[in-house]
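J.: Provided below: upload_12.txt, containing compact mmCIF, C-alpha atoms.
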```
# COMPACT_ATOMS: atom_id res chain seq x y z
CA MET Z 417 -2.33 1.19 -24.78
CA THR Z 418 -4.55 3.26 -22.53
CA SER Z 419 -4.34 4.31 -18.90
CA LEU Z 420 -6.86 4.54 -16.11
CA GLY Z 421 -5.81 8.02 -15.16
CA ALA Z 422 -3.24 10.76 -15.28
CA GLN Z 423 0.03 10.32 -13.48
CA ALA Z 424 -0.29 11.65 -9.96
CA GLY Z 425 1.87 14.73 -9.66
CA GLY Z 426 3.70 14.10 -12.92
CA LYS Z 427 7.19 14.53 -11.44
CA ALA Z 428 8.70 11.05 -11.44
CA GLU Z 429 10.66 9.96 -14.48
CA PRO Z 430 11.21 7.30 -16.15
CA ALA Z 431 10.35 7.70 -19.82
CA GLY Z 432 11.28 5.88 -23.01
CA ARG Z 433 12.51 2.31 -23.17
CA VAL Z 434 13.94 -0.07 -20.61
CA ALA Z 435 17.32 -1.50 -21.55
CA ARG Z 436 17.16 -4.73 -23.56
CA ARG Z 437 18.68 -7.98 -22.42
CA GLY Z 438 22.45 -7.90 -22.27
CA THR Z 439 22.69 -4.11 -21.98
CA PRO Z 440 23.68 -2.27 -18.78
CA GLU Z 441 21.00 -1.37 -16.24
CA PRO Z 442 19.89 2.24 -16.58
CA PRO Z 443 20.47 4.42 -13.51
CA LEU Z 444 17.57 4.64 -11.08
CA PRO Z 445 15.53 7.75 -11.94
CA THR Z 446 15.50 10.68 -9.58
CA PHE Z 447 12.28 10.90 -7.58
CA PRO Z 448 12.04 14.31 -5.88
CA VAL Z 449 10.67 14.38 -2.34
CA GLU Z 450 8.02 17.07 -2.54
CA PHE Z 451 6.99 17.27 1.11
CA ALA Z 452 8.71 17.33 4.48
CA THR Z 453 9.25 14.23 6.57
CA PRO Z 454 6.83 14.48 9.50
CA ASP Z 455 8.14 14.75 13.05
CA ILE Z 456 6.42 11.82 14.77
CA SER Z 457 8.46 12.06 17.98
CA PRO Z 458 5.39 13.18 20.03
CA TRP Z 459 3.68 9.90 19.12
CA LEU Z 460 6.53 7.42 19.58
CA GLU Z 461 5.71 6.55 23.18
CA GLY Z 462 2.07 5.87 22.33
CA ASN Z 463 -0.58 5.40 24.98
CA ILE Z 464 -1.23 1.64 25.07
CA GLY Z 465 2.19 0.27 25.95
CA LEU Z 466 3.03 -0.32 22.28
CA ARG Z 467 5.61 2.05 20.85
CA GLY Z 468 4.26 4.14 17.98
CA PHE Z 469 0.58 3.31 18.58
CA THR Z 470 -2.06 5.68 19.96
CA SER Z 471 -5.60 4.50 20.68
CA LEU Z 472 -8.39 7.07 20.79
CA GLN Z 473 -11.37 5.88 22.82
CA SER Z 474 -14.85 7.28 22.27
CA GLY Z 475 -16.46 5.71 25.32
CA HIS Z 476 -19.31 4.49 23.11
CA PRO Z 477 -19.92 1.13 21.44
CA GLY Z 478 -18.50 0.64 17.98
CA PRO Z 479 -15.76 -1.10 16.02
CA HIS Z 480 -12.05 -1.07 16.72
CA VAL Z 481 -10.55 0.60 13.65
CA CYS Z 482 -6.80 0.67 13.11
CA ILE Z 483 -4.96 2.80 10.54
CA THR Z 484 -1.28 1.99 10.03
CA ALA Z 485 1.52 3.88 8.29
CA VAL Z 486 5.20 3.35 7.43
CA THR Z 487 4.88 -0.41 7.12
CA HIS Z 488 7.80 0.39 4.82
CA GLY Z 489 10.07 3.07 6.23
CA ASN Z 490 10.32 5.23 3.12
CA GLU Z 491 6.55 5.36 2.46
CA ILE Z 492 6.06 8.54 4.44
CA ALA Z 493 2.78 9.92 3.04
CA GLY Z 494 0.78 7.83 5.51
CA ALA Z 495 2.90 9.18 8.37
CA VAL Z 496 2.06 12.73 7.25
CA ALA Z 497 -1.65 11.93 7.38
CA LEU Z 498 -1.57 10.23 10.80
CA ASP Z 499 0.59 12.99 12.27
CA ARG Z 500 -1.91 15.57 11.00
CA MET Z 501 -4.81 13.70 12.59
CA LEU Z 502 -3.07 13.38 15.95
CA ARG Z 503 -1.97 17.02 16.03
CA ALA Z 504 -5.55 18.09 15.25
CA GLY Z 505 -6.81 16.14 18.25
CA LEU Z 506 -9.18 14.00 16.19
CA GLN Z 507 -11.48 11.90 18.36
CA PRO Z 508 -13.92 9.15 17.41
CA SER Z 509 -17.58 9.59 18.29
CA ARG Z 510 -18.03 5.81 18.60
CA GLY Z 511 -15.81 2.79 18.93
CA THR Z 512 -12.00 2.98 19.09
CA LEU Z 513 -9.61 4.49 16.56
CA THR Z 514 -5.99 3.32 16.78
CA LEU Z 515 -3.31 5.08 14.75
CA GLY Z 516 0.01 3.29 14.40
CA PHE Z 517 3.46 3.94 12.96
CA ILE Z 518 4.75 0.44 12.24
CA ASN Z 519 8.35 0.19 11.05
CA LEU Z 520 10.00 2.74 13.30
CA ALA Z 521 13.51 1.37 12.75
CA ALA Z 522 13.30 1.81 8.98
CA PHE Z 523 11.48 5.15 9.20
CA ALA Z 524 14.22 6.53 11.47
CA ARG Z 525 16.70 5.94 8.63
CA PHE Z 526 14.72 7.85 6.01
CA ASP Z 527 16.88 10.43 4.23
CA PRO Z 528 15.27 12.65 1.57
CA ALA Z 529 18.65 12.77 -0.18
CA ASN Z 530 18.58 8.96 -0.56
CA PRO Z 531 14.90 8.16 -0.20
CA THR Z 532 14.96 4.64 -1.68
CA LEU Z 533 17.30 3.19 0.95
CA SER Z 534 15.01 2.82 3.99
CA ARG Z 535 12.24 0.48 2.86
CA PHE Z 536 13.14 -1.87 5.72
CA ALA Z 537 15.88 -2.47 8.28
CA ASP Z 538 16.44 -6.24 7.91
CA GLU Z 539 13.58 -7.58 5.76
CA ASP Z 540 10.20 -6.65 4.33
CA PHE Z 541 7.76 -6.24 7.21
CA ASN Z 542 4.87 -6.90 4.85
CA ARG Z 543 5.87 -10.49 4.02
CA LEU Z 544 5.86 -11.86 7.57
CA TRP Z 545 2.19 -12.36 8.49
CA ASP Z 546 2.16 -16.13 8.51
CA PRO Z 547 1.31 -17.45 12.00
CA GLU Z 548 4.00 -20.13 11.69
CA MET Z 549 6.56 -17.45 10.89
CA LEU Z 550 5.38 -15.26 13.76
CA ASP Z 551 5.55 -18.23 16.14
CA SER Z 552 9.01 -19.29 14.97
CA THR Z 553 12.32 -18.57 16.70
CA ARG Z 554 13.78 -16.64 13.76
CA ARG Z 555 14.75 -13.06 14.56
CA SER Z 556 14.94 -9.78 12.65
CA GLN Z 557 14.01 -6.22 13.50
CA GLU Z 558 10.85 -6.46 11.41
CA LEU Z 559 9.85 -9.88 12.71
CA ASP Z 560 10.35 -8.79 16.31
CA ARG Z 561 8.20 -5.73 15.61
CA ALA Z 562 5.47 -7.84 13.99
CA ARG Z 563 5.36 -9.98 17.12
CA GLU Z 564 4.98 -6.85 19.25
CA ILE Z 565 2.09 -5.61 17.13
CA ARG Z 566 0.32 -8.94 16.70
CA PRO Z 567 -1.70 -8.85 19.99
CA LEU Z 568 -3.17 -5.50 18.95
CA ILE Z 569 -3.95 -6.75 15.44
CA ASP Z 570 -5.86 -9.64 17.03
CA THR Z 571 -8.31 -7.08 18.47
CA VAL Z 572 -8.89 -5.03 15.30
CA ASP Z 573 -12.21 -5.13 13.45
CA VAL Z 574 -11.20 -2.94 10.50
CA LEU Z 575 -7.65 -2.25 9.32
CA LEU Z 576 -6.50 0.32 6.76
CA ASP Z 577 -2.81 -0.11 5.88
CA LEU Z 578 -1.35 2.95 4.13
CA HIS Z 579 1.28 2.49 1.43
CA SER Z 580 2.71 4.20 -1.63
CA MET Z 581 4.73 3.15 -4.70
CA LEU Z 582 8.21 3.78 -6.06
CA TRP Z 583 7.25 3.67 -9.73
CA PRO Z 584 4.55 5.93 -11.21
CA SER Z 585 1.13 4.34 -11.01
CA ASP Z 586 -2.54 5.10 -10.69
CA PRO Z 587 -3.52 4.87 -6.99
CA LEU Z 588 -5.35 1.71 -6.01
CA THR Z 589 -6.70 -0.31 -3.11
CA LEU Z 590 -5.62 -3.93 -2.69
CA CYS Z 591 -8.46 -5.85 -1.06
CA GLY Z 592 -6.97 -9.35 -0.93
CA THR Z 593 -9.17 -12.35 -1.61
CA SER Z 594 -12.10 -11.79 0.72
CA ALA Z 595 -15.49 -10.42 -0.26
CA ARG Z 596 -15.37 -8.39 2.95
CA GLY Z 597 -12.21 -6.67 1.79
CA ARG Z 598 -13.70 -5.85 -1.60
CA ASP Z 599 -16.87 -4.46 -0.03
CA LEU Z 600 -14.84 -2.29 2.33
CA ALA Z 601 -12.65 -0.91 -0.47
CA LEU Z 602 -15.72 0.04 -2.48
CA ALA Z 603 -17.39 1.60 0.55
CA ILE Z 604 -14.32 3.76 1.23
CA GLY Z 605 -14.73 5.14 -2.27
CA SER Z 606 -11.14 6.20 -2.95
CA PRO Z 607 -8.90 5.35 -4.80
CA ALA Z 608 -10.88 4.63 -7.93
CA LEU Z 609 -9.23 1.29 -8.68
CA VAL Z 610 -9.84 -1.75 -6.44
CA VAL Z 611 -7.68 -4.82 -7.10
CA ALA Z 612 -8.43 -8.27 -5.67
CA ASP Z 613 -5.27 -10.34 -5.38
CA GLU Z 614 -3.61 -13.15 -3.43
CA GLY Z 615 -0.48 -11.27 -2.43
CA HIS Z 616 3.14 -12.32 -2.99
CA VAL Z 617 4.95 -15.64 -3.22
CA THR Z 618 7.58 -14.27 -0.84
CA GLY Z 619 5.16 -14.10 2.09
CA PRO Z 620 1.81 -12.81 3.37
CA ARG Z 621 1.06 -9.15 3.95
CA LEU Z 622 -0.59 -7.73 7.04
CA ILE Z 623 -3.92 -7.70 5.19
CA ASP Z 624 -3.44 -11.44 4.49
CA TYR Z 625 -3.25 -12.29 8.20
CA PRO Z 626 -5.77 -15.11 8.86
CA ARG Z 627 -7.91 -12.95 11.11
CA PHE Z 628 -8.89 -10.85 8.11
CA LEU Z 629 -9.48 -13.74 5.72
CA ALA Z 630 -11.32 -16.28 7.90
CA PRO Z 631 -14.52 -17.31 6.05
CA ASN Z 632 -16.55 -17.27 9.26
CA GLY Z 633 -14.99 -14.05 10.57
CA ASP Z 634 -15.94 -10.42 10.23
CA ALA Z 635 -12.61 -8.60 10.66
CA THR Z 636 -11.59 -6.82 7.48
CA ALA Z 637 -8.41 -5.24 6.11
CA VAL Z 638 -7.43 -3.37 2.96
CA LEU Z 639 -4.20 -1.80 1.74
CA VAL Z 640 -4.13 1.54 -0.07
CA GLU Z 641 -1.34 2.26 -2.56
CA ALA Z 642 -1.84 6.01 -2.78
CA GLY Z 643 0.60 6.93 -5.56
CA GLN Z 644 4.31 7.62 -6.00
CA HIS Z 645 6.02 7.71 -2.61
CA TRP Z 646 7.00 11.35 -2.37
CA GLU Z 647 4.52 13.32 -4.45
CA ASN Z 648 2.16 15.82 -2.82
CA ALA Z 649 -0.75 14.18 -4.63
CA THR Z 650 -0.03 10.96 -2.75
CA VAL Z 651 -0.63 12.66 0.60
CA ALA Z 652 -3.96 13.99 -0.69
CA THR Z 653 -5.00 10.54 -1.92
CA THR Z 654 -3.97 8.98 1.40
CA GLN Z 655 -6.08 11.48 3.32
CA ALA Z 656 -9.04 10.95 1.01
CA ALA Z 657 -8.92 7.21 1.69
CA ILE Z 658 -8.79 7.76 5.45
CA ALA Z 659 -11.68 10.21 5.26
CA GLY Z 660 -13.64 7.72 3.17
CA LEU Z 661 -13.13 5.02 5.78
CA LEU Z 662 -14.12 7.21 8.72
CA ARG Z 663 -17.10 8.55 6.80
CA HIS Z 664 -18.28 5.06 5.85
CA LEU Z 665 -18.02 3.76 9.44
CA LYS Z 666 -19.48 6.97 10.90
CA LEU Z 667 -16.60 6.87 13.34
CA VAL Z 668 -16.13 10.64 13.70
CA GLU Z 669 -18.31 13.71 13.48
CA PRO Z 670 -18.37 15.23 9.97
CA ASP Z 671 -16.54 18.39 11.08
CA TRP Z 672 -13.46 16.33 11.96
CA LEU Z 673 -13.18 15.06 8.40
CA ARG Z 674 -12.17 18.54 7.28
CA VAL Z 675 -8.77 17.81 8.81
CA LEU Z 676 -8.32 15.33 5.96
CA ASP Z 677 -10.38 16.57 3.00
CA ASP Z 678 -13.24 18.83 2.02
CA GLY Z 679 -15.52 16.00 0.95
CA THR Z 680 -14.95 16.66 -2.76
CA PRO Z 681 -14.60 13.40 -4.72
CA HIS Z 682 -10.98 12.88 -5.73
CA HIS Z 683 -11.51 10.15 -8.30
CA PRO Z 684 -13.94 8.97 -10.97
CA PRO Z 685 -16.31 6.07 -10.24
CA GLN Z 686 -14.60 2.96 -8.97
CA ARG Z 687 -13.68 -0.13 -10.99
CA VAL Z 688 -12.75 -3.58 -9.69
CA ALA Z 689 -10.12 -5.80 -11.23
CA GLU Z 690 -9.13 -9.34 -10.27
CA VAL Z 691 -5.54 -10.49 -10.64
CA THR Z 692 -5.26 -13.31 -13.17
CA ALA Z 693 -1.48 -13.77 -13.05
CA VAL Z 694 1.36 -12.75 -10.76
CA ILE Z 695 4.64 -12.40 -12.62
CA THR Z 696 7.66 -13.16 -10.45
CA ALA Z 697 11.16 -12.65 -11.84
CA ALA Z 698 12.74 -16.08 -12.29
CA SER Z 699 16.05 -14.64 -13.44
CA GLY Z 700 18.20 -11.57 -12.99
CA ALA Z 701 17.59 -10.67 -16.64
CA PHE Z 702 13.94 -9.62 -16.51
CA ARG Z 703 13.22 -6.73 -18.88
CA PHE Z 704 9.97 -5.04 -19.82
CA GLU Z 705 9.48 -4.17 -23.47
CA GLN Z 706 8.89 -0.55 -22.47
CA ASN Z 707 8.51 1.61 -19.39
CA TYR Z 708 4.96 0.73 -18.43
CA ARG Z 709 3.23 2.48 -15.55
CA GLY Z 710 0.69 1.07 -13.16
CA GLY Z 711 -2.80 1.41 -14.62
CA ASP Z 712 -1.76 0.83 -18.23
CA ILE Z 713 -4.18 -1.42 -20.11
CA ILE Z 714 -2.90 -3.68 -22.90
CA PRO Z 715 -5.79 -4.11 -25.37
CA SER Z 716 -4.93 -7.46 -26.98
CA ALA Z 717 -4.27 -10.92 -25.54
CA GLY Z 718 -0.87 -12.32 -26.46
CA THR Z 719 0.93 -8.96 -26.48
CA LEU Z 720 4.60 -9.30 -25.59
CA ILE Z 721 5.28 -7.11 -22.55
CA ALA Z 722 8.54 -8.52 -21.16
CA HIS Z 723 11.32 -11.09 -21.32
CA ASP Z 724 12.48 -13.06 -18.28
CA GLY Z 725 15.80 -14.25 -19.61
CA ASP Z 726 14.76 -16.16 -22.73
CA THR Z 727 11.14 -16.55 -21.61
CA GLU Z 728 8.54 -14.31 -23.20
CA ILE Z 729 5.89 -12.74 -20.97
CA ARG Z 730 2.65 -12.09 -22.84
CA THR Z 731 -0.73 -10.80 -21.77
CA PRO Z 732 -3.16 -13.66 -21.03
CA HIS Z 733 -6.34 -11.84 -22.08
CA ASP Z 734 -7.68 -8.72 -23.74
CA ASP Z 735 -7.80 -5.45 -21.79
CA CYS Z 736 -5.08 -6.64 -19.46
CA LEU Z 737 -4.47 -4.23 -16.59
CA LEU Z 738 -0.86 -3.86 -15.41
CA VAL Z 739 -0.81 -3.55 -11.62
CA MET Z 740 2.25 -1.89 -10.11
CA PRO Z 741 4.99 -2.90 -12.58
CA THR Z 742 8.47 -2.72 -11.10
CA LEU Z 743 10.88 -1.39 -13.69
CA ARG Z 744 14.01 -2.50 -11.81
CA PRO Z 745 12.98 -6.05 -10.80
CA SER Z 746 14.96 -8.46 -8.63
CA ARG Z 747 15.02 -12.21 -9.02
CA GLY Z 748 12.37 -13.93 -6.88
CA HIS Z 749 10.28 -10.79 -6.42
CA THR Z 750 6.92 -9.76 -7.85
CA VAL Z 751 7.46 -7.77 -11.04
CA VAL Z 752 3.88 -7.05 -12.08
CA ARG Z 753 0.39 -8.38 -11.53
CA LEU Z 754 -1.89 -8.83 -14.52
CA ALA Z 755 -5.58 -8.27 -13.93
CA ARG Z 756 -8.98 -8.37 -15.62
CA PHE Z 757 -11.81 -5.93 -14.92
CA VAL Z 758 -14.98 -7.43 -13.43
```
Please rewrite the model in this file as structure tokens.
T.:
Amino acid sequence: MTSLGAQAGGKAEPAGRVARRGTPEPPLPTFPVEFATPDISPWLEGNIGLRGFTSLQSGHPGPHVCITAVTHGNEIAGAVALDRMLRAGLQPSRGTLTLGFINLAAFARFDPANPTLSRFADEDFNRLWDPEMLDSTRRSQELDRAREIRPLIDTVDVLLDLHSMLWPSDPLTLCGTSARGRDLALAIGSPALVVADEGHVTGPRLIDYPRFLAPNGDATAVLVEAGQHWENATVATTQAAIAGLLRHLKLVEPDWLRVLDDGTPHHPPQRVAEVTAVITAASGAFRFEQNYRGGDIIPSAGTLIAHDGDTEIRTPHDDCLLVMPTLRPSRGHTVVRLARFV
């Protein structure tokens, strides 16, 4: 088994073997929070009548670019990056740059002493972007917030949604199913791994919203998974991705990019992988054969990597890339995506 890269930051556990079927669940590893939670109170009011969103106008023609953070309330690295940009007074030289803190209710609950408990308030915000769902009468804090944000999203030309991961993994960009998304991820240049996928069976993500996938459209969205939630390296990777986007679109003057990075490449040349299988836990007894990390490559087809109850999960092809394995899976949720390099 090989890996695409070194573990970012190297602080998160787990190591060794996952418990076999019929044995007690191991305790959740301790994931230290290496950086301070940003104070985003100056940006909560916003300036466009949408709480948490600030639009920076250049006064010159150009695209409407939106960068979003804390889609999940405990993924705070993106909030650090947006707060830094706003405090620095960053301004676009063309078009419009909108910076948004999405799940304010969940973010307000974030506690570094219990950092895993504030992913969402009522439900996962990033499984709600089906127009029928948004138009329904069902209510939750996240669904109400998605409805508030939707009119803005309908004006966006380019969206960068900033995320991070609980379990150790190589950083990656999820580009969805569109060629536009893949081209954008490659143009941004960081992270090094670009993964094309169809999302989750439990519901569409913000980047899967029809505006970004329409065959005859030109709006584009990608999602960056910058590393383990609370490692310093994840903030650096997040900022490198933002800088790559702004540099690619020529949205700001080069001097402004120094707020985010020094222009030094953070990753080796990019590779693209396409998801060939999405493994969803069908039982409450899903167990990996070992503690894999995101970016591990299984050399041989047919390798046993997990059991889902009595069902064996084996790799469908050689050089099978494991994308974001979840080592404490829940029934009905995505456990790992298997991918092939292209």
J.: Which residues, written as a list in words, have at least one atom at most 7 Å from segment 466-478 of chain Z, with all atoms listed in the file counted and residues fewer than 4 positions away on the same chain left out?
T.: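 Residues meeting the cut-off are Trp459, Leu460, Glu461, Gly462, Gln507, Pro508, Ser509, Arg510, Gly511, Thr512, Leu513, Thr514, Leu515, Gly516, Phe517 and Ile518 of chain Z.
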J.: Dump C-alpha atoms for the selected residues as a tab-separated table (two decimals), keeping the file's coordinate frame?
T.:
```
chain	number	residue	atom	x	y	z
Z	459	TRP	CA	3.68	9.90	19.12
Z	460	LEU	CA	6.53	7.42	19.58
Z	461	GLU	CA	5.71	6.55	23.18
Z	462	GLY	CA	2.07	5.87	22.33
Z	507	GLN	CA	-11.48	11.90	18.36
Z	508	PRO	CA	-13.92	9.15	17.41
Z	509	SER	CA	-17.58	9.59	18.29
Z	510	ARG	CA	-18.03	5.81	18.60
Z	511	GLY	CA	-15.81	2.79	18.93
Z	512	THR	CA	-12.00	2.98	19.09
Z	513	LEU	CA	-9.61	4.49	16.56
Z	514	THR	CA	-5.99	3.32	16.78
Z	515	LEU	CA	-3.31	5.08	14.75
Z	516	GLY	CA	0.01	3.29	14.40
Z	517	PHE	CA	3.46	3.94	12.96
Z	518	ILE	CA	4.75	0.44	12.24
```
J.: From the set Z:Ala693, Z:Leu639, Z:Cys482, Z:Val688, which residue has the shortest atom-to-atom contact distance to Leu667 of chain Z, counting all atoms listed in the file?
T.: Z:Cys482
J.: Can you work out the spacing between atom CA of Thr654 of chain Z and atom CA of Arg503 of chain Z in Å, to one decimal?
T.: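 Straight-line distance from atom CA of Thr654 of chain Z to atom CA of Arg503 of chain Z works out to 16.8 Å.
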J.: Quick one: everything within 6 Å of segment 697-708 of chain Z, counting only C-alpha atoms, minus sequence neighbours fewer than 5 positions away in the same chain. Send it as an MDAnalysis selection string.
T.: chainID Z and resid 433:434 721:725 747:749
J.: Between Z:Pro626, Z:Pro454, Z:Pro445, Z:Gly592, which has the minimum distance to Asn530 of chain Z (counting only C-alpha atoms)?
T.: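 Looking at the shortest contact to Asn530 of chain Z, the residue is Z:Pro445.
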J.: Tell me, in Å to one decimal, how far atom CA of Arg543 of chain Z is from atom CA of Thr618 of chain Z.
T.: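 Separating atom CA of Arg543 of chain Z from atom CA of Thr618 of chain Z is a distance of 6.4 Å.
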J.: Provide an axis-aligned box for all listed atoms of segment 580-588 of chain Z, padding each side by 3 Å; report its centre and its edge lengths in Å to one decimal, as lines of an AutoDock Vina configuration file.
T.:
```
center_x = 1.4
center_y = 3.8
center_z = -6.4
size_x = 19.6
size_y = 10.2
size_z = 15.6
```
J.: For Phe526 of chain Z, please output as a PDB file with C-alpha atoms, in the coordinates of the input all residues within 12 Å (counting only C-alpha atoms; exclusion window: fewer than 5 positions along the same chain).
T.:
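File produced: selection.pdb:
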```pdb
ATOM      1  CA  VAL Z 449      10.670  14.380  -2.340  1.00  0.00           C
ATOM      2  CA  ALA Z 452       8.710  17.330   4.480  1.00  0.00           C
ATOM      3  CA  THR Z 453       9.250  14.230   6.570  1.00  0.00           C
ATOM      4  CA  PRO Z 454       6.830  14.480   9.500  1.00  0.00           C
ATOM      5  CA  ASP Z 455       8.140  14.750  13.050  1.00  0.00           C
ATOM      6  CA  VAL Z 486       5.200   3.350   7.430  1.00  0.00           C
ATOM      7  CA  HIS Z 488       7.800   0.390   4.820  1.00  0.00           C
ATOM      8  CA  GLY Z 489      10.070   3.070   6.230  1.00  0.00           C
ATOM      9  CA  ASN Z 490      10.320   5.230   3.120  1.00  0.00           C
ATOM     10  CA  GLU Z 491       6.550   5.360   2.460  1.00  0.00           C
ATOM     11  CA  ILE Z 492       6.060   8.540   4.440  1.00  0.00           C
ATOM     12  CA  ASN Z 519       8.350   0.190  11.050  1.00  0.00           C
ATOM     13  CA  LEU Z 520      10.000   2.740  13.300  1.00  0.00           C
ATOM     14  CA  ALA Z 521      13.510   1.370  12.750  1.00  0.00           C
ATOM     15  CA  PRO Z 531      14.900   8.160  -0.200  1.00  0.00           C
ATOM     16  CA  THR Z 532      14.960   4.640  -1.680  1.00  0.00           C
ATOM     17  CA  LEU Z 533      17.300   3.190   0.950  1.00  0.00           C
ATOM     18  CA  SER Z 534      15.010   2.820   3.990  1.00  0.00           C
ATOM     19  CA  ARG Z 535      12.240   0.480   2.860  1.00  0.00           C
ATOM     20  CA  PHE Z 536      13.140  -1.870   5.720  1.00  0.00           C
ATOM     21  CA  ALA Z 537      15.880  -2.470   8.280  1.00  0.00           C
ATOM     22  CA  TRP Z 646       7.000  11.350  -2.370  1.00  0.00           C
TER      23      TRP Z 646
END
```
J.: Atom CA of Ala652 of chain Z to atom CA of Asp677 of chain Z: how many Å, to one decimal?
T.: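 Calculated distance between atom CA of Ala652 of chain Z and atom CA of Asp677 of chain Z is 7.8 Å.
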J.: Restricting the calculation to only C-alpha atoms, which member of Z:Pro547, Z:Gly633, Z:Pro587, Z:Pro620 is positioned closest to Gln686 of chain Z?
T.: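 The answer is Z:Pro587, which sits nearest to Gln686 of chain Z.
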J.: Need to verify the contact set: Val694 of chain Z, 9 Å, all atoms listed in the file, exclusion of same-chain residues closer than 3 positions in sequence. Can you return it as a list in words?
T.: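 Using all atoms listed in the file, the neighbours found are Asp613, Glu614, Gly615, His616, Val617, Val691, Thr750, Val751, Val752, Arg753, Leu754 and Ala755 of chain Z.
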J.: Please produce segment 591-606 of chain Z, completed to N, CA and C atoms, as a PDB file, keeping the file's coordinate frame.
T.:
```
ATOM      1  N   CYS Z 591      -7.473  -5.348  -2.020  1.00  0.00           N
ATOM      2  CA  CYS Z 591      -8.460  -5.850  -1.060  1.00  0.00           C
ATOM      3  C   CYS Z 591      -8.273  -7.319  -0.735  1.00  0.00           C
ATOM      4  N   GLY Z 592      -7.184  -7.937  -1.221  1.00  0.00           N
ATOM      5  CA  GLY Z 592      -6.970  -9.350  -0.930  1.00  0.00           C
ATOM      6  C   GLY Z 592      -7.986 -10.224  -1.626  1.00  0.00           C
ATOM      7  N   THR Z 593      -8.287 -11.354  -0.986  1.00  0.00           N
ATOM      8  CA  THR Z 593      -9.170 -12.350  -1.610  1.00  0.00           C
ATOM      9  C   THR Z 593     -10.564 -12.397  -1.014  1.00  0.00           C
ATOM     10  N   SER Z 594     -10.808 -11.661   0.044  1.00  0.00           N
ATOM     11  CA  SER Z 594     -12.100 -11.790   0.720  1.00  0.00           C
ATOM     12  C   SER Z 594     -13.138 -10.844   0.151  1.00  0.00           C
ATOM     13  N   ALA Z 595     -14.393 -11.296   0.148  1.00  0.00           N
ATOM     14  CA  ALA Z 595     -15.490 -10.420  -0.260  1.00  0.00           C
ATOM     15  C   ALA Z 595     -15.615  -9.247   0.703  1.00  0.00           C
ATOM     16  N   ARG Z 596     -15.295  -9.472   1.974  1.00  0.00           N
ATOM     17  CA  ARG Z 596     -15.370  -8.390   2.950  1.00  0.00           C
ATOM     18  C   ARG Z 596     -14.395  -7.267   2.586  1.00  0.00           C
ATOM     19  N   GLY Z 597     -13.191  -7.666   2.180  1.00  0.00           N
ATOM     20  CA  GLY Z 597     -12.210  -6.670   1.790  1.00  0.00           C
ATOM     21  C   GLY Z 597     -12.649  -5.861   0.586  1.00  0.00           C
ATOM     22  N   ARG Z 598     -13.223  -6.538  -0.406  1.00  0.00           N
ATOM     23  CA  ARG Z 598     -13.700  -5.850  -1.600  1.00  0.00           C
ATOM     24  C   ARG Z 598     -14.827  -4.883  -1.244  1.00  0.00           C
ATOM     25  N   ASP Z 599     -15.754  -5.322  -0.424  1.00  0.00           N
ATOM     26  CA  ASP Z 599     -16.870  -4.460  -0.030  1.00  0.00           C
ATOM     27  C   ASP Z 599     -16.367  -3.223   0.717  1.00  0.00           C
ATOM     28  N   LEU Z 600     -15.375  -3.417   1.582  1.00  0.00           N
ATOM     29  CA  LEU Z 600     -14.840  -2.290   2.330  1.00  0.00           C
ATOM     30  C   LEU Z 600     -14.155  -1.298   1.394  1.00  0.00           C
ATOM     31  N   ALA Z 601     -13.346  -1.798   0.461  1.00  0.00           N
ATOM     32  CA  ALA Z 601     -12.650  -0.910  -0.470  1.00  0.00           C
ATOM     33  C   ALA Z 601     -13.640  -0.079  -1.273  1.00  0.00           C
ATOM     34  N   LEU Z 602     -14.716  -0.695  -1.714  1.00  0.00           N
ATOM     35  CA  LEU Z 602     -15.720   0.040  -2.480  1.00  0.00           C
ATOM     36  C   LEU Z 602     -16.458   1.052  -1.604  1.00  0.00           C
ATOM     37  N   ALA Z 603     -16.691   0.689  -0.355  1.00  0.00           N
ATOM     38  CA  ALA Z 603     -17.390   1.600   0.550  1.00  0.00           C
ATOM     39  C   ALA Z 603     -16.527   2.818   0.887  1.00  0.00           C
ATOM     40  N   ILE Z 604     -15.212   2.633   0.970  1.00  0.00           N
ATOM     41  CA  ILE Z 604     -14.320   3.760   1.230  1.00  0.00           C
ATOM     42  C   ILE Z 604     -14.386   4.764   0.092  1.00  0.00           C
ATOM     43  N   GLY Z 605     -14.470   4.272  -1.131  1.00  0.00           N
ATOM     44  CA  GLY Z 605     -14.730   5.140  -2.270  1.00  0.00           C
ATOM     45  C   GLY Z 605     -13.525   5.735  -2.955  1.00  0.00           C
ATOM     46  N   SER Z 606     -12.358   5.626  -2.376  1.00  0.00           N
ATOM     47  CA  SER Z 606     -11.140   6.200  -2.950  1.00  0.00           C
ATOM     48  C   SER Z 606      -9.955   5.371  -2.475  1.00  0.00           C
TER      49      SER Z 606
END
```
